[in-house]
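Only one structure is covered here, and it is reproduced in the block below.
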Amino acid sequence: MTPLHFIVTRMKRLPLRHQAAHLKALIDAEKPRSIRRGELEAMLKDVNLRRLKHENRSAA
């Protein structure tokens with residue numbers, strides 16, 4: 001299992017929509033109610049917030 005800090009470092013170069021897709025795939029592979037799944041879900045929430053901020057900036 002790859003440590004989360006490696007995942008974050010590798011995904012920084014990807015566009016936000018790709019980051020979200022990769023995180024969703026990783027979340028689906030984890031067991032329900034696991035600690036790692038919770039951490040990945042928190043990362044996905046952060047990515048989604050950044051996507052919304054970016055969309056709001058470009059719409060204004």
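Chain identifiers are assigned as A, B, and so on, following the order in which chains appear in the structure tokens; residues are numbered from 1 within each chain, and ligands are numbered from 1 in order of appearance.
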Review point. Any idea what's packed within 10 Å of stretch 39-49 of chain A, counting only C-alpha atoms, ignoring anything in its chain fewer than 5 positions away? Could you give it as a ChimeraX atom specification?
Key: /A:4,7-8,16-24,26-27,30,34,54-55
Review point. Which residue, A:Arg10, A:Pro15, A:Ala59, A:His5, has the smallest gap to A:Arg36 when you use only C-alpha atoms?
Key: A:His5
**Study point:** Every residue of chain A that DSSP places in helix (DSSP H, G or I), as a PyMOL selection string
**Key:** chain A and resi 4-11+16-29+35-59
**Study point:** Atomic distance atom CA of A:Pro3 - atom CA of A:Arg33, expressed in Å with one decimal
**Key:**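 Computing it gives 18.0 Å between the two atoms.
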